[in-house]
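Accompanying notes for the structure given below.
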Amino acid sequence: MAAAPDPLIAWLLDELRPLAAQIGEIRARRMFSGAALYYDDIVFALVLRGTSYLRVDDLTRERFLAEKCTPFSYERNGRTISMTGYLSTPAEALDGGQPLRDWARLAIEAALRDANAKAAKPKRAAAKTAKAPKATKTTATKKAAAKKTAKR
């Protein structure tokens with residue numbers, strides 16, 4: 001039997017419907033023990049353990065931190081791992097409506113900037129010239145080594 005949908009995810013999608021009507025589809029997909037919210041196949045939010053986290057970048061991080069947002073973190077091998085690229089949704093946004101849509105729009109813009117920056121980076125080009133062959137002993141070197149061995 002399939003797990004019941006997370007009420008927080010359903011609520012977020014419902015609240016973001018007016019934004020989606022303006023910019024395009026926003027959808028959720030299960031990820032790890034929670035879900036990710038996507039716009040244009042780019043993750044802009046995480047929903048895990050009853051908390052939603054929005055994508056931030058250098059242009060938006062300070063606004064989120066001013067609202068006392070905390071980074072997404074998890075335990076792994078006895079260590080706490082923090083993902084500073086995702087901060088908790090500001091308290092004012094959790095009332096829904098336009099504040100939530102405004103914060104979500106900032107997260108979408110940050111996610112798009114990140115995706116565009118990654119796409120603009122040149123990929124490592126395959127070497128167009130043949131690699132030099134491994135250095136091998138030449139015939140003359142081999143003969144000289146054989147002579148030294150024979151003299152001993």
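Ordering of the structure tokens sets the chain letters (A, B, ...); residue numbers start at 1 within each chain; ligands are numbered from 1 in the order shown.
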Task: alpha helix (DSSP H) positions in stretch 11-122 of chain A, given as a ChimeraX atom specification - done: /A:11-15,17-23,61-66,97-120
Taking C-alpha atoms for each residue, export the selection above as an mmCIF file, in the first residue's frame.
data_model
loop_
_atom_site.group_PDB
_atom_site.id
_atom_site.type_symbol
_atom_site.label_atom_id
_atom_site.label_comp_id
_atom_site.auth_asym_id
_atom_site.auth_seq_id
_atom_site.Cartn_x
_atom_site.Cartn_y
_atom_site.Cartn_z
ATOM 1 C CA TRP A 11 -0.480 22.304 1.607
ATOM 2 C CA LEU A 12 2.617 23.844 0.005
ATOM 3 C CA LEU A 13 1.563 22.784 -3.487
ATOM 4 C CA ASP A 14 -1.922 24.170 -2.890
ATOM 5 C CA GLU A 15 -0.559 27.475 -1.547
ATOM 6 C CA ARG A 17 -0.788 27.134 -7.095
ATOM 7 C CA PRO A 18 -1.231 30.893 -7.850
ATOM 8 C CA LEU A 19 2.534 31.235 -8.334
ATOM 9 C CA ALA A 20 2.567 28.178 -10.582
ATOM 10 C CA ALA A 21 -0.222 29.753 -12.648
ATOM 11 C CA GLN A 22 2.116 32.698 -13.292
ATOM 12 C CA ILE A 23 5.441 30.932 -13.871
ATOM 13 C CA ARG A 61 21.044 34.085 2.053
ATOM 14 C CA GLU A 62 21.181 37.249 4.195
ATOM 15 C CA ARG A 63 17.433 37.854 3.825
ATOM 16 C CA PHE A 64 16.725 34.339 5.087
ATOM 17 C CA LEU A 65 19.229 34.596 7.919
ATOM 18 C CA ALA A 66 17.665 37.902 9.006
ATOM 19 C CA GLY A 97 -0.647 33.276 0.992
ATOM 20 C CA GLN A 98 1.461 35.925 -0.700
ATOM 21 C CA PRO A 99 4.351 35.846 1.822
ATOM 22 C CA LEU A 100 4.916 32.139 1.082
ATOM 23 C CA ARG A 101 4.756 32.768 -2.665
ATOM 24 C CA ASP A 102 7.252 35.650 -2.358
ATOM 25 C CA TRP A 103 9.757 33.516 -0.430
ATOM 26 C CA ALA A 104 9.232 30.592 -2.812
ATOM 27 C CA ARG A 105 9.892 32.902 -5.765
ATOM 28 C CA LEU A 106 13.219 33.926 -4.166
ATOM 29 C CA ALA A 107 14.085 30.237 -3.767
ATOM 30 C CA ILE A 108 13.185 29.498 -7.392
ATOM 31 C CA GLU A 109 15.300 32.411 -8.592
ATOM 32 C CA ALA A 110 18.256 31.192 -6.491
ATOM 33 C CA ALA A 111 17.862 27.657 -7.854
ATOM 34 C CA LEU A 112 17.719 28.954 -11.428
ATOM 35 C CA ARG A 113 20.834 31.108 -10.930
ATOM 36 C CA ASP A 114 22.667 28.073 -9.556
ATOM 37 C CA ALA A 115 21.540 25.867 -12.446
ATOM 38 C CA ASN A 116 22.515 28.512 -15.013
ATOM 39 C CA ALA A 117 25.927 28.981 -13.406
ATOM 40 C CA LYS A 118 26.548 25.228 -13.546
ATOM 41 C CA ALA A 119 25.444 25.086 -17.174
ATOM 42 C CA ALA A 120 27.753 27.976 -18.097
#
TODO: Might you pull out every residue within 7 Å of stretch 83-92 of chain A, with only C-alpha atoms counted and same-chain residues fewer than 3 positions away left off, and present them as JSON, numbers by chain?
DONE: {"A": [52, 53, 54, 55, 56, 57, 64, 67, 69, 70, 71, 72, 73, 95, 99]}
For the selection just defined, write its residues with N, CA, C and O atoms to a file, as a CSV table (one decimal), in the first residue's frame.
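Once written, again00.csv looks like this:
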chain,number,residue,atom,x,y,z
A,52,SER,N,9.9,22.6,6.0
A,52,SER,CA,10.3,23.0,4.6
A,52,SER,C,11.5,23.9,4.6
A,52,SER,O,11.7,24.7,5.4
A,53,TYR,N,12.3,23.6,3.6
A,53,TYR,CA,13.6,24.4,3.4
A,53,TYR,C,13.6,24.9,2.0
A,53,TYR,O,13.2,24.2,1.1
A,54,LEU,N,14.0,26.2,1.9
A,54,LEU,CA,14.0,26.8,0.6
A,54,LEU,C,15.5,27.1,0.1
A,54,LEU,O,16.4,27.3,0.9
A,55,ARG,N,15.7,27.0,-1.2
A,55,ARG,CA,17.0,27.2,-1.8
A,55,ARG,C,17.5,28.6,-1.6
A,55,ARG,O,16.7,29.6,-1.8
A,56,VAL,N,18.7,28.8,-1.2
A,56,VAL,CA,19.3,30.2,-1.1
A,56,VAL,C,20.6,30.2,-1.9
A,56,VAL,O,21.2,29.2,-2.2
A,57,ASP,N,21.0,31.4,-2.2
A,57,ASP,CA,22.4,31.6,-2.8
A,57,ASP,C,22.9,32.9,-2.2
A,57,ASP,O,22.4,33.4,-1.2
A,64,PHE,N,17.2,35.5,4.3
A,64,PHE,CA,16.7,34.3,5.1
A,64,PHE,C,17.3,34.3,6.5
A,64,PHE,O,16.6,34.1,7.5
A,67,GLU,N,15.7,36.5,9.0
A,67,GLU,CA,14.4,35.9,9.5
A,67,GLU,C,14.7,34.7,10.4
A,67,GLU,O,13.7,34.0,10.7
A,69,CYS,N,16.2,31.9,9.8
A,69,CYS,CA,16.1,30.6,9.2
A,69,CYS,C,17.4,29.8,9.4
A,69,CYS,O,18.4,30.3,9.5
A,70,THR,N,17.2,28.5,9.6
A,70,THR,CA,18.3,27.6,9.9
A,70,THR,C,18.6,26.7,8.7
A,70,THR,O,17.6,26.3,8.0
A,71,PRO,N,19.8,26.2,8.6
A,71,PRO,CA,20.1,25.3,7.4
A,71,PRO,C,19.6,23.9,7.7
A,71,PRO,O,19.4,23.5,8.8
A,72,PHE,N,19.3,23.3,6.5
A,72,PHE,CA,18.9,21.9,6.6
A,72,PHE,C,20.1,21.1,7.0
A,72,PHE,O,21.2,21.3,6.6
A,73,SER,N,19.9,20.2,8.0
A,73,SER,CA,21.0,19.4,8.5
A,73,SER,C,20.6,18.0,8.8
A,73,SER,O,19.4,17.8,9.0
A,95,ASP,N,2.4,31.0,7.2
A,95,ASP,CA,1.0,31.3,7.3
A,95,ASP,C,0.3,31.2,5.9
A,95,ASP,O,-0.9,31.3,5.8
A,99,PRO,N,3.0,36.0,1.3
A,99,PRO,CA,4.4,35.8,1.8
A,99,PRO,C,5.0,34.5,1.4
A,99,PRO,O,6.2,34.5,1.1
TODO: Find, counting only C-alpha atoms, the residue in A:Met31, A:Ala10, A:Ala93, A:Leu59 that gets nearest to A:Leu46.
DONE: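 Nearest candidate to A:Leu46 out of A:Met31, A:Ala10, A:Ala93, A:Leu59: A:Met31.
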Open item on the list: Residues near A:Arg30, anyone? I mean within 12 Å using only C-alpha atoms, not counting same-chain ones fewer than 2 positions away, as a ChimeraX atom specification.
Closed with: /A:3-6,9,27-28,32-38,43,45-48
Task: Backbone-only DSSP, strand (DSSP E or B) members of stretch 5-103 of chain A, as a PyMOL selection string - done: chain A and resi 26-31+34-39+42-48+51-55+71-76+79-88
